[in-house]
There are 6 protein chains.
Amino acid sequence: MKPIILLNPNSSEQVTEGIDAAVDPLRALGVPIQCVTLKDGPPGIETQAQADRVIAPMLDLAAGIEASAFVVACFGDPGLHAMRDEMTVPVLGIQECAVMQALTVGQRFGVIAILERSVPRHYRAFGAMGVLDRLVGDYPLDLTVAELADADRTVARMAEVGQRLRADGANSIIMGCAGMARYRAQLEQDIGLPVIEPCQAAVGMAITRVTLMGGVQNA
Amino acid sequence: MKPIILLNPNSSEQVTEGIDAAVDPLRALGVPIQCVTLKDGPPGIETQAQADRVIAPMLDLAAGIEASAFVVACFGDPGLHAMRDEMTVPVLGIQECAVMQALTVGQRFGVIAILERSVPRHYRAFGAMGVLDRLVGDYPLDLTVAELADADRTVARMAEVGQRLRADGANSIIMGCAGMARYRAQLEQDIGLPVIEPCQAAVGMAITRVTLMGGVQNA
Amino acid sequence: MKPIILLNPNSSEQVTEGIDAAVDPLRALGVPIQCVTLKDGPPGIETQAQADRVIAPMLDLAAGIEASAFVVACFGDPGLHAMRDEMTVPVLGIQECAVMQALTVGQRFGVIAILERSVPRHYRAFGAMGVLDRLVGDYPLDLTVAELADADRTVARMAEVGQRLRADGANSIIMGCAGMARYRAQLEQDIGLPVIEPCQAAVGMAITRVTLMGGVQNA
Amino acid sequence: MKPIILLNPNSSEQVTEGIDAAVDPLRALGVPIQCVTLKDGPPGIETQAQADRVIAPMLDLAAGIEASAFVVACFGDPGLHAMRDEMTVPVLGIQECAVMQALTVGQRFGVIAILERSVPRHYRAFGAMGVLDRLVGDYPLDLTVAELADADRTVARMAEVGQRLRADGANSIIMGCAGMARYRAQLEQDIGLPVIEPCQAAVGMAITRVTLMGGVQNA
Amino acid sequence: MKPIILLNPNSSEQVTEGIDAAVDPLRALGVPIQCVTLKDGPPGIETQAQADRVIAPMLDLAAGIEASAFVVACFGDPGLHAMRDEMTVPVLGIQECAVMQALTVGQRFGVIAILERSVPRHYRAFGAMGVLDRLVGDYPLDLTVAELADADRTVARMAEVGQRLRADGANSIIMGCAGMARYRAQLEQDIGLPVIEPCQAAVGMAITRVTLMGGVQNA
Amino acid sequence: MKPIILLNPNSSEQVTEGIDAAVDPLRALGVPIQCVTLKDGPPGIETQAQADRVIAPMLDLAAGIEASAFVVACFGDPGLHAMRDEMTVPVLGIQECAVMQALTVGQRFGVIAILERSVPRHYRAFGAMGVLDRLVGDYPLDLTVAELADADRTVARMAEVGQRLRADGANSIIMGCAGMARYRAQLEQDIGLPVIEPCQAAVGMAITRVTLMGGVQNA
């Protein structure tokens, strides 16, 4: 059985490990899952330009991999639709799937973004998805790189942003980046709302798709 | 391990069998899945009144069942939000999950309804879901009960409606009722678009949820 | 002449009296109006489950009443569409009609909810109505039952929430529950915006409908 | 008791008579209702320019009339918001109120316009109202003036347009002009859907407002 | 070559001078541009009634002017669609064009209004334009006439409102009135976002239109 | 003075010549305009994958060009937001600007696409732009490459699609590709509606931006 492949389009092995840890509980379902790092990618993806620049190498990398399905494992879903164009197997994006899971959990969702400059990119995606009526807000952490390296500081700030989203009406919270699944349970407890980890949401939908595997996968 | 329970809120064992057949391939993932018929339900659910009348007995039935998750297995998702109110385990609806899967397959989706009178009910749900910008149309089969009993006639008419939805811009098609999974592959071939069977979509999302099982399930 | 019947789906006679007082000024128009309590209902309706559980007994109660029109007199409009399915006379809901009146008074409206847990239910209804572009917010009072029993405390808190809605851009305010018409004039003065009492809005629309009474009432 | 005043902003007494006949059944409620013709208006209002040119004289006319409420009795609601700015009594528009009534009758509505050139004007208004998610279409009659003078030809063509709207998904039909109430019952029978006459809808809402008459009327 | 004519529908020559100064840099493109004051207009336009009352005289004024294009130079675009009905040359509005420019600069825009009472009018226009999904908010300065006469006070308050819009998610800011271009550069610096002056945006679009001048201008 | 640079991201010099011819009339405004072909691009851009693959080389090409503004001259606007991220000068896209011009010409617009497979990509962009409420439809020509080489066949088919869009309610028509400006006048005559050529719309907006050139260009 071919594996579901999560493509981490940044070059950080640490992030890939975080993604792998996030989806590990889903391996219990028996479908092989592998995480692949795009070595040519930037250390992190912040801008639309960085996101778009990884698409071509990611398409090339994917073309050489035998997979039952692909998951683009970067919030912002770079190259998601391009992958769908070129692949015959299912292709899922972690931003898109996180939203789909959120829509089945509570009426309105909020998003915790890492960087302010990613927010307009997220809004373009939510607009293209047609889900803005369900979105309360997408608020950034506004932490420096140094602060982000401090796990306690990061999770405390994520809880703070999540509480603001709750006060503004959110019924569920999406973690707006990959590789932070280890904070999920803590956040859920601190905020008092369901917290959705996007890689888990996407792999879950991929498992369903590969198990059913019909004739036409991407339209 | 407690099973995922699909509740068929109509009293037709034949429909329950169709639902069971639809989700059978997903049993390969190892999560137990059971289908339960609401014996007090009507033979079929056509109107909002019929849909609403099954909620109380369905809530009572569910209260006595040990489940890891519930799936309301009737297009229209009667009692979905009430179930979420009363349950601590995940509750999914087949209409909602079919839409979520459709949104990850192609840009715009179409729905094949059985009856014209169900269409306004579907539109209310799509409006509440906030996904009308992605919907091309929800067109009914307009077949008599006698015609619906004829499988060839039914699938031919479903293909016809699906082709109209494609001509109007749909990139994927949702089967707007439970228990017809046996027609899915044929329809996909006839229409040339991905065809989503709603019970499969919902059980897939339920499996992910029960496998990850966090603290707060419904918000 | 058959009366317009307001159905209070909770069992509180005190609430029914409040509803009756709200619509009493409209009796001047000469159309008989009666308020009926669903004795089998819960003391109050807070959750979607409670709202859905009253539908079947409410349908049964209504089936035995001669009415020129029905008004579902609970914010959230439980069973509104089911009633329309089963009745040939007009059926109005107080939430829906309050919104319709608000849309003819000012550009954007705000809603004062009693309980936070009702808010997602309201949003689903506003989404199904397709009026979210006109909604500023739906904010709860967050009062305990004891505090709600204190009229001064309640009206002061309602004014506070109304002023927040005004600051956020609301041009009119909807009282998000039945039976509080006695606070309307005070609130209007405190907030400085038109305040809409939903039972009055619904009975007004019902009176028009029964006076004109065409052939097809619910579609 | 001051009357509700319907202002017909075109100079056609025949249209004013049609408006008066439309609202006559509502006189049974005991609130005085008068129809006034804007003698300085054009014989008919087709363009936005014609609609806008009648606002100033209509405001001047209204300033000299003692009314409990005003209804702008021209589909397109010219001057509705200007009237609200300058008046302390309720001001309703027939297009706006027809939509509000339609939204309480069925899920999606259609509009029969007289002229193709009025359609963009209607869409601007529906967009400003925020109700486009409920609109199926606004289709014109495309009849010449000579054909419009022929009642049988007109009603037959209205039924044809109404049937197209029904086929496209409409659950109710709005007559997109004033003064044609005499065709309503026939259309309802021909189309098989509720047909809403806009002057009746507006006077109904005006009667409620003047009967309750709170402190702040227009926001 | 006929000039592009900006019509200032209020009678303030000072505002007309501010408009002229705003568009002066665009004269470098060689297309003649003239600003005309509607002497019959009010000193300023605050209400919808004032806005609507200037339409007829503005239409009459425009009818006597040879122009290659018209720009309605009042935020709120009074008479924009009426002008399009009666003119064969392009007609642009400064509110509409400011929004169009904003949509090409950043994902979400905010508007600085002068008066709170203009805000509902703006929202009606944004709804008719169908751009509410891109709007963060439209917040008023809430300054008295005396304060508005104080340039330092005004620009400081505009910066304050702009910063609130930025904090709420705006990526660009529209100045919601004509004649204040002199503050643009300062505001851009203070807020740190692109600031759009509406008269400039509209004249820019008019220049393109008159340079290309096809056969059908207004539809 | 640095030129406005139009980047044709496909390698067809013939298309670049068509783009140059389209914008030639705007050279009368005195701002230098140059068209540049991305020699590494594919002969034509049909899929999202092709569109995304040109972004990196386009960014690299642009980085080496002195420009006052850039226009991405491919309908679909590949790399538009990435360019904005990396550039300090204005960056416009022809799809986005065509829509902005359409919104100032008539209430609802239609789009003539070349290929059916581009349509979902367009809808994602219109959703991200938040303009779906103004869109009537985006219909493809469905012509083979051989047929597209026949100018008479192509323009006849474009007129046919345009007339269908008009019948469905469009008030203006956008040509959904670059390099076909030579057909614009003929189409306008055949369809009877304003026809917008997207390169012209974008260069027009670019000219305004470079003439005013403030401090912050992309947000």
# chains A, B, ... in the order shown; residues from 1 in each chain; ligands from 1
$ interface_residues --of "chain C" --to "chain A" --cutoff "9 Å" --atoms "only C-alpha atoms" --output "PyMOL selection string"
chain C and resi 119-121+123-124+127+132-133+138-139
$ select_by_dssp --residues "range 24-199 of chain B" --states "strand (DSSP E)" --output "NGL selection string"
:B and (33-37 or 69-72 or 91-93 or 109-113 or 135-140 or 172-175 or 195-196)
$ atom_distance --atom1 "CA of Glu116 in chain C" --atom2 "CA of Asn10 in chain C"
19.0 Å
$ select_by_dssp --residues "range 33-130 of chain E" --states "alpha helix (DSSP H)" --output "JSON, numbers by chain"
{"E": [48, 49, 50, 51, 52, 53, 55, 56, 57, 58, 59, 60, 61, 62, 63, 80, 81, 82, 83, 84, 85, 86, 94, 95, 96, 97, 98, 99, 100, 101, 102, 103, 119, 120, 121, 122, 123, 124, 125, 126, 127, 128, 129]}
$ residues_around --residues "range 196-203 of chain A" --least-positions-apart "3" --cutoff "9 Å" --atoms "only C-alpha atoms" --output "PDB file with N, CA and C atoms, in the first residue's frame"
ATOM      1  N   ILE A   4       0.343   7.793   2.400  1.00  0.00           N
ATOM      2  CA  ILE A   4      -0.039   9.208   2.322  1.00  0.00           C
ATOM      3  C   ILE A   4       1.223  10.006   2.609  1.00  0.00           C
ATOM      4  N   LEU A   6       2.932  13.582   3.437  1.00  0.00           N
ATOM      5  CA  LEU A   6       2.826  14.996   3.820  1.00  0.00           C
ATOM      6  C   LEU A   6       4.080  15.694   3.346  1.00  0.00           C
ATOM      7  N   ILE A  19       5.328  17.858  12.486  1.00  0.00           N
ATOM      8  CA  ILE A  19       4.211  17.381  11.661  1.00  0.00           C
ATOM      9  C   ILE A  19       4.034  15.872  11.851  1.00  0.00           C
ATOM     10  N   ASP A  20       5.140  15.168  11.842  1.00  0.00           N
ATOM     11  CA  ASP A  20       5.077  13.715  12.010  1.00  0.00           C
ATOM     12  C   ASP A  20       4.465  13.349  13.366  1.00  0.00           C
ATOM     13  N   ALA A  22       2.410  15.146  15.039  1.00  0.00           N
ATOM     14  CA  ALA A  22       0.990  15.522  15.010  1.00  0.00           C
ATOM     15  C   ALA A  22       0.130  14.399  14.449  1.00  0.00           C
ATOM     16  N   VAL A  23       0.605  13.791  13.365  1.00  0.00           N
ATOM     17  CA  VAL A  23      -0.240  12.815  12.674  1.00  0.00           C
ATOM     18  C   VAL A  23      -0.006  11.395  13.171  1.00  0.00           C
ATOM     19  N   ASP A  24       0.926  11.230  14.061  1.00  0.00           N
ATOM     20  CA  ASP A  24       1.271   9.887  14.512  1.00  0.00           C
ATOM     21  C   ASP A  24       0.073   9.108  15.063  1.00  0.00           C
ATOM     22  N   PRO A  25      -0.801   9.723  15.865  1.00  0.00           N
ATOM     23  CA  PRO A  25      -1.938   8.951  16.382  1.00  0.00           C
ATOM     24  C   PRO A  25      -2.809   8.357  15.270  1.00  0.00           C
ATOM     25  N   LEU A  26      -2.801   8.973  14.099  1.00  0.00           N
ATOM     26  CA  LEU A  26      -3.643   8.474  13.005  1.00  0.00           C
ATOM     27  C   LEU A  26      -3.032   7.250  12.323  1.00  0.00           C
ATOM     28  N   ILE A  33       1.786   6.512   6.569  1.00  0.00           N
ATOM     29  CA  ILE A  33       1.874   7.976   6.470  1.00  0.00           C
ATOM     30  C   ILE A  33       3.350   8.348   6.554  1.00  0.00           C
ATOM     31  N   PHE A  70      -1.528  13.045  -1.328  1.00  0.00           N
ATOM     32  CA  PHE A  70      -0.580  14.046  -0.837  1.00  0.00           C
ATOM     33  C   PHE A  70      -1.298  15.034   0.077  1.00  0.00           C
ATOM     34  N   VAL A  71      -0.564  15.475   1.076  1.00  0.00           N
ATOM     35  CA  VAL A  71      -1.031  16.567   1.932  1.00  0.00           C
ATOM     36  C   VAL A  71       0.014  17.681   1.884  1.00  0.00           C
ATOM     37  N   VAL A  72      -0.402  18.872   1.478  1.00  0.00           N
ATOM     38  CA  VAL A  72       0.486  20.030   1.528  1.00  0.00           C
ATOM     39  C   VAL A  72       0.480  20.520   2.966  1.00  0.00           C
ATOM     40  N   ALA A  73       1.624  20.383   3.635  1.00  0.00           N
ATOM     41  CA  ALA A  73       1.651  20.563   5.094  1.00  0.00           C
ATOM     42  C   ALA A  73       2.215  21.920   5.486  1.00  0.00           C
ATOM     43  N   CYS A  74       1.604  22.953   4.947  1.00  0.00           N
ATOM     44  CA  CYS A  74       1.972  24.322   5.307  1.00  0.00           C
ATOM     45  C   CYS A  74       0.702  25.138   5.322  1.00  0.00           C
ATOM     46  N   PHE A  75       0.432  25.804   6.449  1.00  0.00           N
ATOM     47  CA  PHE A  75      -0.776  26.625   6.521  1.00  0.00           C
ATOM     48  C   PHE A  75      -0.651  27.727   5.462  1.00  0.00           C
ATOM     49  N   LEU A  92      -4.707  17.067  -0.490  1.00  0.00           N
ATOM     50  CA  LEU A  92      -5.382  17.859   0.545  1.00  0.00           C
ATOM     51  C   LEU A  92      -4.437  18.934   1.064  1.00  0.00           C
ATOM     52  N   GLY A  93      -5.023  20.011   1.573  1.00  0.00           N
ATOM     53  CA  GLY A  93      -4.230  21.087   2.163  1.00  0.00           C
ATOM     54  C   GLY A  93      -4.594  21.230   3.626  1.00  0.00           C
ATOM     55  N   ILE A  94      -3.604  21.567   4.450  1.00  0.00           N
ATOM     56  CA  ILE A  94      -3.906  21.573   5.887  1.00  0.00           C
ATOM     57  C   ILE A  94      -4.777  22.760   6.290  1.00  0.00           C
ATOM     58  N   GLN A  95      -4.644  23.902   5.576  1.00  0.00           N
ATOM     59  CA  GLN A  95      -5.508  25.040   5.913  1.00  0.00           C
ATOM     60  C   GLN A  95      -6.955  24.701   5.551  1.00  0.00           C
ATOM     61  N   GLU A  96      -7.130  24.225   4.328  1.00  0.00           N
ATOM     62  CA  GLU A  96      -8.474  23.910   3.855  1.00  0.00           C
ATOM     63  C   GLU A  96      -9.146  22.862   4.755  1.00  0.00           C
ATOM     64  N   CYS A  97      -8.411  21.799   5.087  1.00  0.00           N
ATOM     65  CA  CYS A  97      -9.021  20.729   5.896  1.00  0.00           C
ATOM     66  C   CYS A  97      -9.276  21.173   7.329  1.00  0.00           C
ATOM     67  N   ALA A  98      -8.413  22.021   7.858  1.00  0.00           N
ATOM     68  CA  ALA A  98      -8.665  22.539   9.202  1.00  0.00           C
ATOM     69  C   ALA A  98      -9.977  23.309   9.238  1.00  0.00           C
ATOM     70  N   VAL A  99     -10.213  24.098   8.191  1.00  0.00           N
ATOM     71  CA  VAL A  99     -11.476  24.840   8.120  1.00  0.00           C
ATOM     72  C   VAL A  99     -12.651  23.870   8.012  1.00  0.00           C
ATOM     73  N   MET A 100     -12.509  22.859   7.181  1.00  0.00           N
ATOM     74  CA  MET A 100     -13.619  21.906   7.019  1.00  0.00           C
ATOM     75  C   MET A 100     -13.935  21.228   8.352  1.00  0.00           C
ATOM     76  N   GLN A 101     -12.891  20.868   9.097  1.00  0.00           N
ATOM     77  CA  GLN A 101     -13.175  20.260  10.407  1.00  0.00           C
ATOM     78  C   GLN A 101     -13.822  21.278  11.347  1.00  0.00           C
ATOM     79  N   ALA A 102     -13.316  22.491  11.334  1.00  0.00           N
ATOM     80  CA  ALA A 102     -13.894  23.529  12.199  1.00  0.00           C
ATOM     81  C   ALA A 102     -15.388  23.708  11.918  1.00  0.00           C
ATOM     82  N   SER A 172     -14.722  27.582  17.875  1.00  0.00           N
ATOM     83  CA  SER A 172     -13.582  26.671  17.776  1.00  0.00           C
ATOM     84  C   SER A 172     -12.390  27.475  17.290  1.00  0.00           C
ATOM     85  N   ILE A 173     -11.208  26.899  17.484  1.00  0.00           N
ATOM     86  CA  ILE A 173      -9.959  27.608  17.190  1.00  0.00           C
ATOM     87  C   ILE A 173      -9.104  26.739  16.274  1.00  0.00           C
ATOM     88  N   ILE A 174      -8.589  27.345  15.222  1.00  0.00           N
ATOM     89  CA  ILE A 174      -7.649  26.649  14.334  1.00  0.00           C
ATOM     90  C   ILE A 174      -6.239  27.161  14.616  1.00  0.00           C
ATOM     91  N   MET A 175      -5.313  26.226  14.789  1.00  0.00           N
ATOM     92  CA  MET A 175      -3.908  26.607  14.906  1.00  0.00           C
ATOM     93  C   MET A 175      -3.376  26.892  13.502  1.00  0.00           C
ATOM     94  N   GLY A 176      -2.995  28.130  13.254  1.00  0.00           N
ATOM     95  CA  GLY A 176      -2.669  28.549  11.900  1.00  0.00           C
ATOM     96  C   GLY A 176      -1.241  28.266  11.460  1.00  0.00           C
ATOM     97  N   CYS A 177      -0.713  27.113  11.853  1.00  0.00           N
ATOM     98  CA  CYS A 177       0.599  26.725  11.343  1.00  0.00           C
ATOM     99  C   CYS A 177       0.792  25.237  11.585  1.00  0.00           C
ATOM    100  N   ALA A 178       1.750  24.675  10.907  1.00  0.00           N
ATOM    101  CA  ALA A 178       2.053  23.256  11.067  1.00  0.00           C
ATOM    102  C   ALA A 178       3.091  23.084  12.164  1.00  0.00           C
ATOM    103  N   GLY A 179       3.112  21.908  12.749  1.00  0.00           N
ATOM    104  CA  GLY A 179       4.225  21.557  13.634  1.00  0.00           C
ATOM    105  C   GLY A 179       4.075  21.975  15.071  1.00  0.00           C
ATOM    106  N   MET A 180       2.882  22.345  15.490  1.00  0.00           N
ATOM    107  CA  MET A 180       2.706  22.786  16.872  1.00  0.00           C
ATOM    108  C   MET A 180       1.673  21.939  17.610  1.00  0.00           C
ATOM    109  N   ALA A 181       1.480  20.724  17.143  1.00  0.00           N
ATOM    110  CA  ALA A 181       0.448  19.861  17.720  1.00  0.00           C
ATOM    111  C   ALA A 181       0.670  19.625  19.213  1.00  0.00           C
ATOM    112  N   ARG A 184      -1.594  21.565  21.465  1.00  0.00           N
ATOM    113  CA  ARG A 184      -3.041  21.528  21.240  1.00  0.00           C
ATOM    114  C   ARG A 184      -3.848  21.273  22.518  1.00  0.00           C
ATOM    115  N   GLU A 188      -6.498  23.824  24.314  1.00  0.00           N
ATOM    116  CA  GLU A 188      -7.901  23.459  24.455  1.00  0.00           C
ATOM    117  C   GLU A 188      -8.355  23.682  25.904  1.00  0.00           C
ATOM    118  N   ALA A 206      -7.541  12.654   4.203  1.00  0.00           N
ATOM    119  CA  ALA A 206      -6.798  11.864   3.208  1.00  0.00           C
ATOM    120  C   ALA A 206      -7.038  10.368   3.412  1.00  0.00           C
ATOM    121  N   ILE A 207      -7.056   9.946   4.664  1.00  0.00           N
ATOM    122  CA  ILE A 207      -7.272   8.517   4.952  1.00  0.00           C
ATOM    123  C   ILE A 207      -8.619   8.066   4.395  1.00  0.00           C
ATOM    124  N   THR A 208      -9.649   8.867   4.615  1.00  0.00           N
ATOM    125  CA  THR A 208     -10.964   8.528   4.054  1.00  0.00           C
ATOM    126  C   THR A 208     -10.893   8.412   2.545  1.00  0.00           C
TER     127      THR A 208
ATOM    128  N   MET B 205     -14.928  11.447   8.508  1.00  0.00           N
ATOM    129  CA  MET B 205     -14.613  12.511   9.464  1.00  0.00           C
ATOM    130  C   MET B 205     -14.770  12.009  10.904  1.00  0.00           C
ATOM    131  N   THR B 208     -11.598  10.037  12.020  1.00  0.00           N
ATOM    132  CA  THR B 208     -10.524  10.951  12.422  1.00  0.00           C
ATOM    133  C   THR B 208     -10.765  11.490  13.829  1.00  0.00           C
ATOM    134  N   ARG B 209     -11.968  11.904  14.058  1.00  0.00           N
ATOM    135  CA  ARG B 209     -12.285  12.511  15.368  1.00  0.00           C
ATOM    136  C   ARG B 209     -12.111  11.511  16.501  1.00  0.00           C
ATOM    137  N   LEU B 212      -8.376  10.738  17.226  1.00  0.00           N
ATOM    138  CA  LEU B 212      -7.632  11.808  17.906  1.00  0.00           C
ATOM    139  C   LEU B 212      -8.239  12.148  19.263  1.00  0.00           C
TER     140      LEU B 212
END
$ atom_distance --atom1 "CA of Met87 in chain A" --atom2 "CA of Arg53 in chain F"
14.9 Å
$ atom_distance --atom1 "CA of Leu29 in chain E" --atom2 "CA of Leu29 in chain F"
5.0 Å
